[in-house]
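Peer 1: Provided below: entry15.pdb, containing PDB, C-alpha atoms.
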```pdb
ATOM      1  CA  MET U   1       0.000   0.000   0.000  1.00  0.00           C
ATOM      2  CA  GLN U   2       1.359   3.460  -0.955  1.00  0.00           C
ATOM      3  CA  THR U   3       0.473   7.013   0.016  1.00  0.00           C
ATOM      4  CA  GLY U   4       0.079   9.892  -2.456  1.00  0.00           C
ATOM      5  CA  LEU U   5       3.787  10.616  -2.006  1.00  0.00           C
ATOM      6  CA  GLY U   6       4.702   7.140  -3.155  1.00  0.00           C
ATOM      7  CA  ILE U   7       5.964   6.060   0.283  1.00  0.00           C
ATOM      8  CA  PRO U   8       5.109   2.421   1.133  1.00  0.00           C
ATOM      9  CA  GLN U   9       3.090   2.035   4.302  1.00  0.00           C
ATOM     10  CA  PRO U  10       2.584  -1.061   6.499  1.00  0.00           C
ATOM     11  CA  VAL U  11      -0.371  -3.160   5.469  1.00  0.00           C
ATOM     12  CA  PRO U  12      -2.242  -4.605   8.472  1.00  0.00           C
ATOM     13  CA  LEU U  13      -3.172  -8.234   7.922  1.00  0.00           C
ATOM     14  CA  TYR U  14      -6.203  -9.398   9.864  1.00  0.00           C
ATOM     15  CA  CYS U  15      -7.139 -12.453   7.839  1.00  0.00           C
ATOM     16  CA  GLY U  16      -5.547 -15.762   6.957  1.00  0.00           C
ATOM     17  CA  VAL U  17      -2.562 -16.962   8.947  1.00  0.00           C
ATOM     18  CA  PRO U  18      -1.726 -13.568  10.565  1.00  0.00           C
ATOM     19  CA  GLY U  19      -5.320 -13.170  11.691  1.00  0.00           C
ATOM     20  CA  PHE U  20      -5.404 -16.667  13.142  1.00  0.00           C
ATOM     21  CA  LEU U  21      -2.126 -16.110  15.016  1.00  0.00           C
ATOM     22  CA  GLN U  22      -3.445 -12.842  16.422  1.00  0.00           C
ATOM     23  CA  PHE U  23      -6.635 -14.557  17.578  1.00  0.00           C
ATOM     24  CA  LEU U  24      -4.685 -17.491  19.048  1.00  0.00           C
ATOM     25  CA  GLY U  25      -2.392 -15.231  21.067  1.00  0.00           C
ATOM     26  CA  LEU U  26      -5.171 -13.077  22.477  1.00  0.00           C
ATOM     27  CA  PHE U  27      -7.540 -15.991  23.129  1.00  0.00           C
ATOM     28  CA  ASN U  28      -4.886 -18.015  24.949  1.00  0.00           C
ATOM     29  CA  ALA U  29      -3.814 -15.018  27.030  1.00  0.00           C
ATOM     30  CA  ALA U  30      -7.445 -14.228  27.909  1.00  0.00           C
ATOM     31  CA  VAL U  31      -8.135 -17.812  29.012  1.00  0.00           C
ATOM     32  CA  TRP U  32      -4.862 -17.891  30.933  1.00  0.00           C
ATOM     33  CA  ILE U  33      -5.304 -14.698  32.928  1.00  0.00           C
ATOM     34  CA  GLY U  34      -9.083 -15.157  33.224  1.00  0.00           C
ATOM     35  CA  GLY U  35      -8.688 -18.610  34.742  1.00  0.00           C
ATOM     36  CA  SER U  36      -6.054 -17.298  37.132  1.00  0.00           C
ATOM     37  CA  VAL U  37      -8.183 -14.403  38.349  1.00  0.00           C
ATOM     38  CA  PHE U  38     -11.286 -16.585  38.700  1.00  0.00           C
ATOM     39  CA  PHE U  39      -9.554 -19.276  40.747  1.00  0.00           C
ATOM     40  CA  SER U  40      -7.455 -16.929  42.876  1.00  0.00           C
ATOM     41  CA  PHE U  41     -10.160 -14.436  43.863  1.00  0.00           C
ATOM     42  CA  LEU U  42     -13.422 -16.376  43.540  1.00  0.00           C
ATOM     43  CA  ALA U  43     -13.262 -20.162  43.231  1.00  0.00           C
ATOM     44  CA  GLY U  44     -10.383 -20.824  45.618  1.00  0.00           C
ATOM     45  CA  SER U  45     -12.164 -19.517  48.704  1.00  0.00           C
ATOM     46  CA  VAL U  46     -15.435 -21.349  47.954  1.00  0.00           C
ATOM     47  CA  PHE U  47     -14.086 -24.650  49.306  1.00  0.00           C
ATOM     48  CA  PHE U  48     -13.734 -23.102  52.767  1.00  0.00           C
ATOM     49  CA  SER U  49     -17.034 -21.225  52.791  1.00  0.00           C
ATOM     50  CA  PRO U  50     -19.771 -22.165  55.311  1.00  0.00           C
ATOM     51  CA  GLU U  51     -22.005 -23.412  52.482  1.00  0.00           C
ATOM     52  CA  VAL U  52     -19.430 -25.926  51.243  1.00  0.00           C
ATOM     53  CA  GLU U  53     -18.228 -26.896  54.724  1.00  0.00           C
ATOM     54  CA  SER U  54     -21.794 -27.820  55.651  1.00  0.00           C
ATOM     55  CA  ILE U  55     -21.768 -30.369  52.801  1.00  0.00           C
ATOM     56  CA  THR U  56     -18.075 -31.303  52.730  1.00  0.00           C
ATOM     57  CA  PRO U  57     -16.633 -30.636  56.191  1.00  0.00           C
ATOM     58  CA  PRO U  58     -12.900 -30.484  56.964  1.00  0.00           C
ATOM     59  CA  PRO U  59     -10.624 -32.127  56.077  1.00  0.00           C
ATOM     60  CA  PHE U  60     -12.462 -33.266  52.951  1.00  0.00           C
ATOM     61  CA  ASN U  61     -13.070 -29.759  51.644  1.00  0.00           C
ATOM     62  CA  GLY U  62      -9.301 -29.331  51.746  1.00  0.00           C
ATOM     63  CA  LEU U  63      -8.879 -32.488  49.698  1.00  0.00           C
ATOM     64  CA  VAL U  64     -11.197 -31.071  47.041  1.00  0.00           C
ATOM     65  CA  ALA U  65      -9.284 -27.781  47.113  1.00  0.00           C
ATOM     66  CA  GLN U  66      -5.992 -29.659  46.620  1.00  0.00           C
ATOM     67  CA  ALA U  67      -7.454 -31.480  43.615  1.00  0.00           C
ATOM     68  CA  MET U  68      -8.579 -28.168  42.122  1.00  0.00           C
ATOM     69  CA  LEU U  69      -5.159 -26.642  42.777  1.00  0.00           C
ATOM     70  CA  GLY U  70      -3.598 -29.391  40.700  1.00  0.00           C
ATOM     71  CA  ARG U  71      -5.957 -28.605  37.805  1.00  0.00           C
ATOM     72  CA  TYR U  72      -5.188 -24.922  38.235  1.00  0.00           C
ATOM     73  CA  PHE U  73      -1.482 -25.476  37.651  1.00  0.00           C
ATOM     74  CA  THR U  74      -2.351 -27.775  34.721  1.00  0.00           C
ATOM     75  CA  LEU U  75      -4.170 -24.818  33.140  1.00  0.00           C
ATOM     76  CA  HIS U  76      -1.003 -22.744  33.485  1.00  0.00           C
ATOM     77  CA  ILE U  77       1.111 -25.476  31.903  1.00  0.00           C
ATOM     78  CA  LEU U  78      -1.240 -25.979  28.933  1.00  0.00           C
ATOM     79  CA  CYS U  79      -1.617 -22.249  28.283  1.00  0.00           C
ATOM     80  CA  GLY U  80       2.156 -21.824  28.584  1.00  0.00           C
ATOM     81  CA  ILE U  81       2.765 -24.496  25.949  1.00  0.00           C
ATOM     82  CA  VAL U  82       0.246 -22.846  23.624  1.00  0.00           C
ATOM     83  CA  ALA U  83       1.908 -19.457  24.224  1.00  0.00           C
ATOM     84  CA  VAL U  84       5.347 -20.818  23.285  1.00  0.00           C
ATOM     85  CA  ALA U  85       3.915 -22.432  20.146  1.00  0.00           C
ATOM     86  CA  HIS U  86       2.157 -19.175  19.239  1.00  0.00           C
ATOM     87  CA  LEU U  87       5.326 -17.114  19.654  1.00  0.00           C
ATOM     88  CA  LEU U  88       7.388 -19.519  17.548  1.00  0.00           C
ATOM     89  CA  LEU U  89       4.774 -19.700  14.776  1.00  0.00           C
ATOM     90  CA  GLU U  90       4.430 -15.918  14.728  1.00  0.00           C
ATOM     91  CA  TRP U  91       8.204 -15.503  14.553  1.00  0.00           C
ATOM     92  CA  LEU U  92       8.591 -18.040  11.732  1.00  0.00           C
ATOM     93  CA  TYR U  93       5.751 -16.541   9.704  1.00  0.00           C
ATOM     94  CA  SER U  94       6.528 -12.843  10.167  1.00  0.00           C
ATOM     95  CA  GLY U  95      10.264 -13.038   9.575  1.00  0.00           C
ATOM     96  CA  GLY U  96      10.890 -10.566  12.400  1.00  0.00           C
ATOM     97  CA  GLY U  97      13.378 -10.723  15.239  1.00  0.00           C
ATOM     98  CA  PHE U  98      13.254 -13.642  17.646  1.00  0.00           C
ATOM     99  CA  PRO U  99      10.927 -12.665  20.566  1.00  0.00           C
ATOM    100  CA  LYS U 100      13.481 -13.324  23.290  1.00  0.00           C
ATOM    101  CA  ARG U 101      11.762 -11.243  25.958  1.00  0.00           C
ATOM    102  CA  ALA U 102       8.337 -12.780  25.376  1.00  0.00           C
ATOM    103  CA  ILE U 103       9.768 -16.315  25.261  1.00  0.00           C
ATOM    104  CA  ALA U 104      11.649 -15.639  28.499  1.00  0.00           C
ATOM    105  CA  VAL U 105       8.474 -14.442  30.269  1.00  0.00           C
ATOM    106  CA  VAL U 106       6.481 -17.465  29.104  1.00  0.00           C
ATOM    107  CA  CYS U 107       9.280 -19.866  30.076  1.00  0.00           C
ATOM    108  CA  VAL U 108       9.414 -18.345  33.566  1.00  0.00           C
ATOM    109  CA  LEU U 109       5.638 -18.821  33.831  1.00  0.00           C
ATOM    110  CA  LEU U 110       5.969 -22.432  32.695  1.00  0.00           C
ATOM    111  CA  GLY U 111       8.744 -23.046  35.192  1.00  0.00           C
ATOM    112  CA  LEU U 112       6.696 -21.613  38.058  1.00  0.00           C
ATOM    113  CA  ALA U 113       3.667 -23.687  37.006  1.00  0.00           C
ATOM    114  CA  LEU U 114       5.761 -26.865  36.919  1.00  0.00           C
ATOM    115  CA  ILE U 115       7.210 -26.115  40.357  1.00  0.00           C
ATOM    116  CA  GLY U 116       3.753 -25.448  41.768  1.00  0.00           C
ATOM    117  CA  GLY U 117       1.972 -28.325  40.061  1.00  0.00           C
ATOM    118  CA  LYS U 118       4.578 -31.068  40.130  1.00  0.00           C
ATOM    119  CA  PHE U 119       6.444 -30.292  43.351  1.00  0.00           C
ATOM    120  CA  ILE U 120       4.546 -28.065  45.778  1.00  0.00           C
ATOM    121  CA  SER U 121       0.976 -29.295  45.173  1.00  0.00           C
ATOM    122  CA  PRO U 122       1.745 -33.010  45.829  1.00  0.00           C
ATOM    123  CA  LYS U 123       3.735 -32.058  48.936  1.00  0.00           C
ATOM    124  CA  LEU U 124       0.837 -29.975  50.243  1.00  0.00           C
ATOM    125  CA  ALA U 125      -1.539 -32.911  49.682  1.00  0.00           C
ATOM    126  CA  GLY U 126       0.706 -35.221  51.700  1.00  0.00           C
ATOM    127  CA  TRP U 127       1.159 -32.762  54.580  1.00  0.00           C
ATOM    128  CA  HIS U 128      -2.575 -32.083  54.580  1.00  0.00           C
ATOM    129  CA  GLN U 129      -3.260 -35.782  55.120  1.00  0.00           C
ATOM    130  CA  GLN U 130      -0.719 -35.974  57.938  1.00  0.00           C
ATOM    131  CA  LYS U 131      -2.129 -32.804  59.491  1.00  0.00           C
ATOM    132  CA  TYR U 132      -5.625 -34.306  59.697  1.00  0.00           C
ATOM    133  CA  GLN U 133      -4.364 -37.860  60.269  1.00  0.00           C
ATOM    134  CA  ILE U 134      -5.970 -39.444  57.233  1.00  0.00           C
ATOM    135  CA  LYS U 135      -4.518 -41.591  54.482  1.00  0.00           C
ATOM    136  CA  LEU U 136      -5.612 -42.662  51.026  1.00  0.00           C
ATOM    137  CA  LYS U 137      -6.203 -46.397  50.798  1.00  0.00           C
ATOM    138  CA  ALA U 138      -3.922 -48.027  48.276  1.00  0.00           C
ATOM    139  CA  GLU U 139      -5.565 -49.261  45.049  1.00  0.00           C
ATOM    140  CA  SER U 140      -8.963 -47.959  46.108  1.00  0.00           C
ATOM    141  CA  GLU U 141     -11.463 -47.090  43.386  1.00  0.00           C
ATOM    142  CA  PRO U 142     -13.107 -44.699  43.978  1.00  0.00           C
ATOM    143  CA  PRO U 143     -10.569 -43.102  46.333  1.00  0.00           C
ATOM    144  CA  VAL U 144     -11.302 -43.819  50.003  1.00  0.00           C
ATOM    145  CA  TYR U 145      -9.570 -42.157  52.945  1.00  0.00           C
ATOM    146  CA  GLU U 146      -9.116 -43.895  56.256  1.00  0.00           C
ATOM    147  CA  LYS U 147      -8.271 -42.541  59.681  1.00  0.00           C
ATOM    148  CA  VAL U 148      -4.717 -43.176  60.859  1.00  0.00           C
ATOM    149  CA  GLU U 149      -2.734 -42.248  63.941  1.00  0.00           C
ATOM    150  CA  TYR U 150       0.421 -40.187  63.538  1.00  0.00           C
ATOM    151  CA  LYS U 151       2.780 -39.169  66.308  1.00  0.00           C
ATOM    152  CA  GLU U 152       2.315 -35.677  67.685  1.00  0.00           C
ATOM    153  CA  ASP U 153       5.657 -34.472  66.328  1.00  0.00           C
ATOM    154  CA  VAL U 154       4.732 -35.730  62.829  1.00  0.00           C
ATOM    155  CA  VAL U 155       1.424 -33.835  62.935  1.00  0.00           C
ATOM    156  CA  GLN U 156       3.083 -30.649  64.166  1.00  0.00           C
ATOM    157  CA  ASP U 157       5.816 -30.903  61.539  1.00  0.00           C
ATOM    158  CA  ALA U 158       3.180 -31.406  58.827  1.00  0.00           C
ATOM    159  CA  GLU U 159       1.224 -28.370  60.070  1.00  0.00           C
ATOM    160  CA  ARG U 160       4.354 -26.218  59.999  1.00  0.00           C
ATOM    161  CA  LYS U 161       5.460 -27.358  56.538  1.00  0.00           C
ATOM    162  CA  PHE U 162       1.955 -27.002  55.135  1.00  0.00           C
ATOM    163  CA  ALA U 163       1.685 -23.414  56.394  1.00  0.00           C
ATOM    164  CA  VAL U 164       5.117 -22.453  55.024  1.00  0.00           C
ATOM    165  CA  TRP U 165       4.718 -24.058  51.614  1.00  0.00           C
ATOM    166  CA  HIS U 166       1.142 -22.873  51.243  1.00  0.00           C
ATOM    167  CA  GLY U 167       2.549 -19.370  51.618  1.00  0.00           C
ATOM    168  CA  VAL U 168       5.201 -20.152  48.993  1.00  0.00           C
ATOM    169  CA  SER U 169       2.461 -21.399  46.679  1.00  0.00           C
ATOM    170  CA  GLN U 170       0.518 -18.168  47.168  1.00  0.00           C
ATOM    171  CA  PHE U 171       3.638 -16.124  46.395  1.00  0.00           C
ATOM    172  CA  ILE U 172       4.249 -18.128  43.216  1.00  0.00           C
ATOM    173  CA  ASN U 173       0.643 -17.571  42.196  1.00  0.00           C
ATOM    174  CA  LEU U 174       1.006 -13.815  42.760  1.00  0.00           C
ATOM    175  CA  ALA U 175       4.193 -13.750  40.665  1.00  0.00           C
ATOM    176  CA  MET U 176       2.485 -15.678  37.874  1.00  0.00           C
ATOM    177  CA  MET U 177      -0.499 -13.331  37.844  1.00  0.00           C
ATOM    178  CA  SER U 178       1.823 -10.311  37.693  1.00  0.00           C
ATOM    179  CA  LEU U 179       3.710 -11.762  34.721  1.00  0.00           C
ATOM    180  CA  LEU U 180       0.450 -12.750  33.042  1.00  0.00           C
ATOM    181  CA  THR U 181      -0.900  -9.227  33.425  1.00  0.00           C
ATOM    182  CA  LEU U 182       2.284  -7.839  31.880  1.00  0.00           C
ATOM    183  CA  ARG U 183       2.081 -10.332  29.015  1.00  0.00           C
ATOM    184  CA  PHE U 184      -1.602  -9.604  28.349  1.00  0.00           C
ATOM    185  CA  TRP U 185      -0.959  -5.860  28.422  1.00  0.00           C
ATOM    186  CA  ARG U 186       1.853  -6.182  25.888  1.00  0.00           C
ATOM    187  CA  LEU U 187      -0.326  -8.296  23.601  1.00  0.00           C
ATOM    188  CA  THR U 188      -3.202  -5.829  23.669  1.00  0.00           C
ATOM    189  CA  ARG U 189      -0.847  -2.895  23.105  1.00  0.00           C
ATOM    190  CA  SER U 190       0.593  -4.604  20.001  1.00  0.00           C
ATOM    191  CA  ASN U 191      -2.763  -5.824  18.606  1.00  0.00           C
ATOM    192  CA  GLY U 192      -2.186  -9.444  19.524  1.00  0.00           C
ATOM    193  CA  HIS U 193       1.353  -9.705  18.182  1.00  0.00           C
ATOM    194  CA  ASP U 194       4.682  -9.720  19.946  1.00  0.00           C
ATOM    195  CA  SER U 195       6.395  -6.365  19.466  1.00  0.00           C
ATOM    196  CA  SER U 196       9.495  -7.801  17.799  1.00  0.00           C
ATOM    197  CA  SER U 197       7.396  -9.804  15.347  1.00  0.00           C
ATOM    198  CA  THR U 198       5.227  -6.777  14.589  1.00  0.00           C
ATOM    199  CA  TYR U 199       8.322  -4.762  13.877  1.00  0.00           C
ATOM    200  CA  GLY U 200       9.614  -7.446  11.570  1.00  0.00           C
ATOM    201  CA  GLN U 201       6.306  -7.532   9.691  1.00  0.00           C
ATOM    202  CA  ARG U 202       6.324  -3.747   9.285  1.00  0.00           C
ATOM    203  CA  LYS U 203       9.886  -3.788   8.066  1.00  0.00           C
ATOM    204  CA  GLN U 204       9.015  -6.467   5.548  1.00  0.00           C
ATOM    205  CA  ASN U 205       5.984  -4.516   4.315  1.00  0.00           C
ATOM    206  CA  LEU U 206       8.052  -1.322   4.086  1.00  0.00           C
ATOM    207  CA  PHE U 207      10.489  -2.768   1.570  1.00  0.00           C
ATOM    208  CA  ASP U 208       8.029  -4.915  -0.379  1.00  0.00           C
ATOM    209  CA  LYS U 209       6.818  -3.299  -3.585  1.00  0.00           C
TER     210      LYS U 209
END
```
How does this structure look as structure tokens?
Peer 2:
Amino acid sequence: MQTGLGIPQPVPLYCGVPGFLQFLGLFNAAVWIGGSVFFSFLAGSVFFSPEVESITPPPFNGLVAQAMLGRYFTLHILCGIVAVAHLLLEWLYSGGGFPKRAIAVVCVLLGLALIGGKFISPKLAGWHQQKYQIKLKAESEPPVYEKVEYKEDVVQDAERKFAVWHGVSQFINLAMMSLLTLRFWRLTRSNGHDSSSTYGQRKQNLFDK
């Protein structure tokens, strides 16, 4: 596209592959940050509300919350994988500079999600069972918990570790939400494209005649 002065101008592409990549990036980011906000500020506290505790009293409401926490980190992992794929596809198609900053942010998010989902969440589940002196029966379908007796020092140690690592989990979640907000803001500011890729596309359009 040229102006009256004959100077080539960038041509925005909102259809075909560029349009799909733009939609994919924004849709994935919206699901990612939307799921995080919903779980952190609304759904997470429901398991410990009087309404739920009247149906599923402690410690079983905590068991449900732990199961949901595992799914929550799975959401982060899946959205992180999609985000990496989106960035790589956008970079390969646009011919722009490699989006190092965006890839780094997404990789940090993936790393935090893996730490939370594969390390902290299972540990919290185990300490929660020791704290309330229950144990999952082996090879039980559906899962059945039985009452067990732990020594007082084991229970106290589990309570202490659960409190500490639950705080670590909350800190990780806060860090992830902060990075997600930054990522979503950058995407909306650049119309769904990474800034480096957008620059590469504009540069390509500028010299194409």
Peer 1: Tell me which of U:Ala30, U:Val148, U:Leu92, U:Ile77 sits closest to U:Gln129, counting only C-alpha atoms.
Peer 2: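 Counting only C-alpha atoms, the residue closest to U:Gln129 is U:Val148.
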Peer 1: Here is a test: counting only C-alpha atoms, which residue of U:Ala102, U:Val52, U:Val17, U:Ile115 is nearest to U:Leu87?
Peer 2: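 That would be U:Ala102, the residue with the smallest distance to U:Leu87.
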Peer 1: So that all listed atoms of stretch 141-151 of chain U fit with 6 Å spare on each side, what axis-aligned box centre and edge lengths in Å, to one decimal, would you give as lines of an AutoDock Vina configuration file?
Peer 2:
```
center_x = -5.2
center_y = -43.1
center_z = 54.8
size_x = 27.9
size_y = 19.9
size_z = 34.9
```
Peer 1: Could you give me, as a list in words, the residues within 7 Å of U:Val106, counting all atoms listed in the file and dropping anything in the same chain fewer than 4 positions from it?
Peer 2: Gly80, Ala83, Val84, Ala102 and Leu110 of chain U
Peer 1: Next, the residues of the selection above should be written as a PDB file, in the coordinates of the input with C-alpha atoms.
Peer 2:
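Okay, this is what ended up in again_8.pdb:
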```
ATOM      1  CA  GLY U  80       2.156 -21.824  28.584  1.00  0.00           C
ATOM      2  CA  ALA U  83       1.908 -19.457  24.224  1.00  0.00           C
ATOM      3  CA  VAL U  84       5.347 -20.818  23.285  1.00  0.00           C
ATOM      4  CA  ALA U 102       8.337 -12.780  25.376  1.00  0.00           C
ATOM      5  CA  LEU U 110       5.969 -22.432  32.695  1.00  0.00           C
TER       6      LEU U 110
END
```
Peer 1: Which is closer to U:Asp157 than all the others in U:Asn28, U:Gln130, U:Asn61, U:Ser36, using only C-alpha atoms?
Peer 2: U:Gln130
Peer 1: With only C-alpha atoms as the basis for distance, which of U:Phe48, U:His166, U:Ala113, U:His76 is at the shortest distance from U:Gly34?
Peer 2: U:His76
Peer 1: Apply the PyMOL selection byres ((chain U and resi 65) around 12) to the structure shown and report the selected residues as a VMD selection string.
Peer 2: chain U and resid 39 to 40 43 to 49 52 to 53 56 58 to 64 66 to 72 121 124 to 125 128
Peer 1: Evaluate the PyMOL selection byres ((chain U and resi 112) around 12) on the structure here and hand back the selected residues as a PDB file with C-alpha atoms, in the frame of the given file.
Peer 2:
```
ATOM      1  CA  PHE U  73      -1.482 -25.476  37.651  1.00  0.00           C
ATOM      2  CA  THR U  74      -2.351 -27.775  34.721  1.00  0.00           C
ATOM      3  CA  HIS U  76      -1.003 -22.744  33.485  1.00  0.00           C
ATOM      4  CA  ILE U  77       1.111 -25.476  31.903  1.00  0.00           C
ATOM      5  CA  GLY U  80       2.156 -21.824  28.584  1.00  0.00           C
ATOM      6  CA  VAL U 105       8.474 -14.442  30.269  1.00  0.00           C
ATOM      7  CA  VAL U 106       6.481 -17.465  29.104  1.00  0.00           C
ATOM      8  CA  CYS U 107       9.280 -19.866  30.076  1.00  0.00           C
ATOM      9  CA  VAL U 108       9.414 -18.345  33.566  1.00  0.00           C
ATOM     10  CA  LEU U 109       5.638 -18.821  33.831  1.00  0.00           C
ATOM     11  CA  LEU U 110       5.969 -22.432  32.695  1.00  0.00           C
ATOM     12  CA  GLY U 111       8.744 -23.046  35.192  1.00  0.00           C
ATOM     13  CA  ALA U 113       3.667 -23.687  37.006  1.00  0.00           C
ATOM     14  CA  LEU U 114       5.761 -26.865  36.919  1.00  0.00           C
ATOM     15  CA  ILE U 115       7.210 -26.115  40.357  1.00  0.00           C
ATOM     16  CA  GLY U 116       3.753 -25.448  41.768  1.00  0.00           C
ATOM     17  CA  GLY U 117       1.972 -28.325  40.061  1.00  0.00           C
ATOM     18  CA  LYS U 118       4.578 -31.068  40.130  1.00  0.00           C
ATOM     19  CA  PHE U 119       6.444 -30.292  43.351  1.00  0.00           C
ATOM     20  CA  ILE U 120       4.546 -28.065  45.778  1.00  0.00           C
ATOM     21  CA  SER U 121       0.976 -29.295  45.173  1.00  0.00           C
ATOM     22  CA  VAL U 168       5.201 -20.152  48.993  1.00  0.00           C
ATOM     23  CA  SER U 169       2.461 -21.399  46.679  1.00  0.00           C
ATOM     24  CA  GLN U 170       0.518 -18.168  47.168  1.00  0.00           C
ATOM     25  CA  PHE U 171       3.638 -16.124  46.395  1.00  0.00           C
ATOM     26  CA  ILE U 172       4.249 -18.128  43.216  1.00  0.00           C
ATOM     27  CA  ASN U 173       0.643 -17.571  42.196  1.00  0.00           C
ATOM     28  CA  LEU U 174       1.006 -13.815  42.760  1.00  0.00           C
ATOM     29  CA  ALA U 175       4.193 -13.750  40.665  1.00  0.00           C
ATOM     30  CA  MET U 176       2.485 -15.678  37.874  1.00  0.00           C
ATOM     31  CA  MET U 177      -0.499 -13.331  37.844  1.00  0.00           C
ATOM     32  CA  LEU U 179       3.710 -11.762  34.721  1.00  0.00           C
ATOM     33  CA  LEU U 180       0.450 -12.750  33.042  1.00  0.00           C
TER      34      LEU U 180
END
```
Peer 1: Mind listing as a PDB file with C-alpha atoms, in the frame of the given file all residues within 9 Å of (-2.5, -17.2, 19.9), counting only C-alpha atoms?
Peer 2:
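Saved as point-v1.pdb:
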```
ATOM      1  CA  PHE U  20      -5.404 -16.667  13.142  1.00  0.00           C
ATOM      2  CA  LEU U  21      -2.126 -16.110  15.016  1.00  0.00           C
ATOM      3  CA  GLN U  22      -3.445 -12.842  16.422  1.00  0.00           C
ATOM      4  CA  PHE U  23      -6.635 -14.557  17.578  1.00  0.00           C
ATOM      5  CA  LEU U  24      -4.685 -17.491  19.048  1.00  0.00           C
ATOM      6  CA  GLY U  25      -2.392 -15.231  21.067  1.00  0.00           C
ATOM      7  CA  LEU U  26      -5.171 -13.077  22.477  1.00  0.00           C
ATOM      8  CA  PHE U  27      -7.540 -15.991  23.129  1.00  0.00           C
ATOM      9  CA  ASN U  28      -4.886 -18.015  24.949  1.00  0.00           C
ATOM     10  CA  ALA U  29      -3.814 -15.018  27.030  1.00  0.00           C
ATOM     11  CA  VAL U  82       0.246 -22.846  23.624  1.00  0.00           C
ATOM     12  CA  ALA U  83       1.908 -19.457  24.224  1.00  0.00           C
ATOM     13  CA  ALA U  85       3.915 -22.432  20.146  1.00  0.00           C
ATOM     14  CA  HIS U  86       2.157 -19.175  19.239  1.00  0.00           C
ATOM     15  CA  LEU U  87       5.326 -17.114  19.654  1.00  0.00           C
ATOM     16  CA  GLU U  90       4.430 -15.918  14.728  1.00  0.00           C
ATOM     17  CA  GLY U 192      -2.186  -9.444  19.524  1.00  0.00           C
ATOM     18  CA  HIS U 193       1.353  -9.705  18.182  1.00  0.00           C
TER      19      HIS U 193
END
```
Peer 1: Rounded to one decimal in Å, what is the spacing between atom CA of U:Glu159 and atom CA of U:Lys131?
Peer 2: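 Between atom CA of U:Glu159 and atom CA of U:Lys131 the gap works out to 5.6 Å.
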Peer 1: Interatomic distance between atom CA of U:Ile103 and atom CA of U:Trp91?
Peer 2: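 If I compute the distance from atom CA of U:Ile103 to atom CA of U:Trp91, I get 10.9 Å.
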Peer 1: What does the distance from atom CA of U:Gly35 to atom CA of U:Pro142 come to in Å, to one decimal?
Peer 2: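 So the answer is 28.0 Å.
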Peer 1: Evaluate the PyMOL selection byres ((chain U and resi 150) around 10) on the structure here and hand back the selected residues as number ranges by chain.
Peer 2: U: 130-134, 147-149, 151-156
Peer 1: Skipping near chain neighbours, those fewer than 5 positions away, what residues fall within 7 Å of U:Lys137 using all atoms listed in the file, listed as an MDAnalysis selection string?
Peer 2: chainID U and resid 144:146
Peer 1: Just checking: using only C-alpha atoms, which residue out of U:Ile33, U:Cys79, U:Leu89, U:Ile55 ends up closest to U:Trp185?
Peer 2: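 Nearest to U:Trp185: U:Ile33.
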